[in-house]
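This report concerns only the one structure given below.
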Amino acid sequence: MRPITQCVLAASLALFATATFGQAQAQKYPERPVRLVVPYPAGGPTDAIARLVAQKLSEKNGVQFYVENIGGAGATIGIANAAKAAPDGYTALLTTQDVVVQPVLRAKVPFDPFKNFTPVSLIVSGPELIVVNPSVPAKSMKELIALIKADPDKYNYATPGFGTTPHLVGENLFKISHGLKVAHVPFQGGAAAVQATLAGQTQIFMNVVPTVAPYIKDGKLRPLAVVSKTRSRFFPDVPTLEEAGIPKHESLYWVAALFPAGTPKDKVDFLQRQIAEILKQPDIQERLTTLGFDGAPSTAEELGKFMRAEFDKWDSVVRATGIKID
């Protein structure tokens with residue numbers, strides 16, 4: 001009987017080994033290239049951040065993580081593309097606040113930010129600044145508001161486009177909070193808007209740190225306030241709107257990673273950990289500083305709560321301002 005027992009034991013061990021190997025093979029991830037959808041054209045800040053993350057993920061895993069730019073319609077085309085992808089961990093979305101802003105701005109969008117996506121991690125965040133052309137005599141927000149009240153038809157403000165968060169901030173700040181008559185001048189992107197403000201064609205401009213930082217340092221634009229709860233480490237002497245006496249206004253540019261809804265939790269956890277590790281690396285921190293952003297890794301749960309809060313905030317702003325697309 002002993003040989004039979006040995007045979008049974010050997011067979012059992014072989015089956016166990018085969019099953020274990022099979023599970024290990026099934027659990028290996030990623031085994032093939034991973035697509036990172038960026039719902040904007042190449043060359044912008046979101047694209048730059050996505051490519052940094054993709055490079056580091058590729059290096060860490062020995063598998064290519066590649067960026068696919070799918071721009072158009074206020075980012076909704078690319079976001080919808082990612083929402084329809086298979087929830088297998090091989091397509092992720094790297095998006096800005098547009099994922100929650102566009103659904104409150106537009107009558108209809110081809111995705112739901114909460115039903116169609118699983119949060120992974122916040123990646124970076126950065127405040128927006130309110131700046132003016134130096135020809136504007138205001139040295140503070142209170143002085144700017146007083147100037148506009150005294151001559152309501154003289155001033156306008158530039159933004160990267162209709163329905164962007166700077167546009168929402170401007171309408172809420174000037175028209176809703178202070179009842180001011182200030183013309184909104186939308187441009188196709190922040191670069192065109194900042195050039196108009198530098199030339200004096202527009203007097204006021206709102207955008208993220210990277211767009212305005214070089215001109216602030218050269219004295220070509222004057223910063224008046226940061227549109228966030230805390231001051232920017234890049235311009236620590238510039239007060240927040242609340243410090244300037246204008247509370248309840250906050251706008252952050254942020255980039256987050258999301259998976260299509262239904263992606264297995266182990267893959268969500270894997271990517272979340274990898275992003276957190278990448279953002280700790282000194283070279284990445286240095287590069288993000290150069291770009292003008294702060295690394296902001298989060299848990300999936302934290303990102304989910306943050307997205308809901310952002311959605312509710314912008315929904316209330318849109319209701320107050322009446323801004324709508326379509």
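Quick note on naming: the chains in the structure tokens go A, B, ... in the order shown, residues restart at 1 in each chain, and ligands are numbered from 1 in order of appearance.
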(request) Skip stretch 38-41 of chain A itself and residues of its chain fewer than 6 positions away, then list as a VMD selection string all residues within 12 Å of it, counting only C-alpha atoms. (result) chain A and resid 47 to 51 53 to 54 66 to 83 91 to 99 189 255 to 258
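The residue set within 10 Å of stretch 216-220 of chain A, counting only C-alpha atoms and dropping same-chain residues fewer than 3 places from it, reads Val131, Val132, Asn133, Pro134, Ser135, Thr197, Leu198, Ala199, Val209, Thr211, Val212, Ala213, Pro223 and Phe235 of chain A.
Counting only C-alpha atoms, the residue from A:Met206, A:Ala158, A:Leu129, A:Val318 that sits nearest to A:Arg231 is A:Leu129.
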(request) May I have all residues of stretch 202-245 of chain A that DSSP, computed from the backbone, assigns to alpha helix (DSSP H), given as an MDAnalysis selection string? (result) chainID A and resid 209:217
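Residues in contact with A:Lys115 at up to 12 Å, not including ones fewer than 3 positions away on its chain and judged by only C-alpha atoms, are Ala83, Lys84, Val100, Pro110, Phe111, Asp112, Thr118, Pro119, Leu258, Phe259, Pro260, Ala261, Gly262, Gly304 and Arg308 of chain A.
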(message) Can you pull out every residue from stretch 78-253 of chain A that DSSP, working from the backbone, puts in strand (DSSP E), and format the result as a ChimeraX atom specification?
(response) /A:91-95,117-132,156-159,183-186,204-208,222-226,252-253
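Minimum distance to A:Val226 across A:Asn116, A:Ser251, A:Ser125, A:Gln285 (counting only C-alpha atoms) occurs at A:Ser251.
Taking atom CA of A:Gln274 as the reference point, atom CA of A:Lys305 is found at 20.7 Å.
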Within 9 Å of A:Lys229 using only C-alpha atoms, minus same-chain residues under 5 positions, as a JSON list (two decimals) with all heavy atoms, in the first residue's frame:
[["chain", "number", "residue", "atom", "x", "y", "z"],
["A", 127, "PRO", "N", -3.64, 75.20, -7.54],
["A", 127, "PRO", "CA", -4.64, 76.25, -7.50],
["A", 127, "PRO", "C", -4.63, 77.12, -8.76],
["A", 127, "PRO", "O", -3.65, 77.12, -9.52],
["A", 127, "PRO", "CB", -4.22, 77.08, -6.28],
["A", 127, "PRO", "CG", -2.73, 76.94, -6.28],
["A", 127, "PRO", "CD", -2.45, 75.54, -6.74],
["A", 240, "THR", "N", -4.99, 84.07, -0.37],
["A", 240, "THR", "CA", -6.14, 83.35, -0.89],
["A", 240, "THR", "C", -7.31, 84.33, -1.00],
["A", 240, "THR", "O", -7.28, 85.42, -0.41],
["A", 240, "THR", "CB", -6.55, 82.20, 0.04],
["A", 240, "THR", "OG1", -7.02, 82.75, 1.28],
["A", 240, "THR", "CG2", -5.39, 81.26, 0.31],
["A", 241, "LEU", "N", -8.34, 83.93, -1.74],
["A", 241, "LEU", "CA", -9.52, 84.80, -1.83],
["A", 241, "LEU", "C", -10.14, 85.02, -0.46],
["A", 241, "LEU", "O", -10.61, 86.12, -0.15],
["A", 241, "LEU", "CB", -10.55, 84.19, -2.78],
["A", 241, "LEU", "CG", -10.39, 84.49, -4.27],
["A", 241, "LEU", "CD1", -11.46, 83.77, -5.07],
["A", 241, "LEU", "CD2", -10.44, 85.99, -4.56],
["A", 242, "GLU", "N", -10.14, 83.98, 0.36],
["A", 242, "GLU", "CA", -10.72, 84.13, 1.69],
["A", 242, "GLU", "C", -9.92, 85.14, 2.51],
["A", 242, "GLU", "O", -10.49, 85.97, 3.23],
["A", 242, "GLU", "CB", -10.77, 82.78, 2.41],
["A", 242, "GLU", "CG", -11.48, 82.86, 3.75],
["A", 242, "GLU", "CD", -11.89, 81.50, 4.28],
["A", 242, "GLU", "OE1", -11.61, 80.49, 3.61],
["A", 242, "GLU", "OE2", -12.49, 81.46, 5.36],
["A", 248, "LYS", "N", -15.58, 81.34, 0.36],
["A", 248, "LYS", "CA", -16.42, 80.37, -0.36],
["A", 248, "LYS", "C", -16.19, 80.35, -1.86],
["A", 248, "LYS", "O", -17.11, 80.12, -2.64],
["A", 248, "LYS", "CB", -17.90, 80.64, -0.05],
["A", 248, "LYS", "CG", -18.26, 80.48, 1.42],
["A", 248, "LYS", "CD", -19.72, 80.72, 1.67],
["A", 248, "LYS", "CE", -20.07, 80.58, 3.14],
["A", 248, "LYS", "NZ", -21.50, 80.82, 3.41],
["A", 249, "HIS", "N", -14.95, 80.59, -2.26],
["A", 249, "HIS", "CA", -14.59, 80.45, -3.67],
["A", 249, "HIS", "C", -13.31, 79.60, -3.72],
["A", 249, "HIS", "O", -12.29, 79.98, -3.16],
["A", 249, "HIS", "CB", -14.33, 81.80, -4.32],
["A", 249, "HIS", "CG", -15.57, 82.63, -4.52],
["A", 249, "HIS", "ND1", -16.36, 82.53, -5.64],
["A", 249, "HIS", "CD2", -16.15, 83.54, -3.72],
["A", 249, "HIS", "CE1", -17.38, 83.37, -5.52],
["A", 249, "HIS", "NE2", -17.28, 83.99, -4.37],
["A", 250, "GLU", "N", -13.41, 78.49, -4.39],
["A", 250, "GLU", "CA", -12.23, 77.62, -4.50],
["A", 250, "GLU", "C", -12.25, 76.90, -5.84],
["A", 250, "GLU", "O", -13.30, 76.40, -6.28],
["A", 250, "GLU", "CB", -12.18, 76.58, -3.38],
["A", 250, "GLU", "CG", -10.95, 75.69, -3.46],
["A", 250, "GLU", "CD", -10.95, 74.59, -2.42],
["A", 250, "GLU", "OE1", -12.00, 74.36, -1.79],
["A", 250, "GLU", "OE2", -9.91, 73.94, -2.26],
["A", 251, "SER", "N", -11.11, 76.87, -6.50],
["A", 251, "SER", "CA", -11.01, 76.15, -7.76],
["A", 251, "SER", "C", -9.62, 75.56, -7.88],
["A", 251, "SER", "O", -8.62, 76.28, -7.86],
["A", 251, "SER", "CB", -11.28, 77.08, -8.94],
["A", 251, "SER", "OG", -11.19, 76.38, -10.16]]
(request) Skip A:Val104 itself and residues of its chain fewer than 6 positions away, then list as number ranges by chain all residues within 9 Å of it, counting only C-alpha atoms. (result) A: 311, 314-315, 318-319, 324
(request) Identify, on the basis of only C-alpha atoms, every residue whose closest approach to A:Leu303 does not exceed 7 Å; exclude the query and any residue fewer than 5 positions from it along the same chain; express the result as a ChimeraX atom specification. (result) /A:119,121-122,298
Write to file, as a PDB file, in the first residue's frame, the residues of the selection just made, with C-alpha atoms.
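After the write, result_8.pdb holds the following:
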ATOM      1  CA  PRO A 119     -11.775  55.861  -8.653  1.00  0.00           C
ATOM      2  CA  SER A 121      -6.060  57.867  -7.131  1.00  0.00           C
ATOM      3  CA  LEU A 122      -5.669  61.596  -7.308  1.00  0.00           C
ATOM      4  CA  SER A 298      -4.920  59.509  -2.468  1.00  0.00           C
TER       5      SER A 298
END
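The residue that comes closest to A:Gly190, out of A:Ile325, A:Gly163, A:Gly44, A:Leu221 and on the basis of only C-alpha atoms, is A:Gly44.
Atom CA of A:Gly161 is positioned 24.6 Å from atom CA of A:Ala138.
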(request) For A:Pro186, please output as a PyMOL selection string all residues within 8 Å (counting only C-alpha atoms; exclusion window: fewer than 6 positions along the same chain). (result) chain A and resi 158-162+167+193
Emit the selected residues as a PDB file, in the first residue's frame, including C-alpha atoms.
ATOM      1  CA  ALA A 158     -10.016  86.240 -20.066  1.00  0.00           C
ATOM      2  CA  THR A 159     -10.344  82.479 -19.616  1.00  0.00           C
ATOM      3  CA  PRO A 160      -9.191  79.377 -21.519  1.00  0.00           C
ATOM      4  CA  GLY A 161     -12.736  78.882 -22.805  1.00  0.00           C
ATOM      5  CA  PHE A 162     -16.460  78.951 -22.209  1.00  0.00           C
ATOM      6  CA  HIS A 167     -15.076  80.898 -16.394  1.00  0.00           C
ATOM      7  CA  ALA A 193      -5.794  84.036 -23.085  1.00  0.00           C
TER       8      ALA A 193
END
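Counting only C-alpha atoms, the residue from A:Pro297, A:Pro33, A:Pro113, A:Gly292 that sits nearest to A:Arg273 is A:Pro297.
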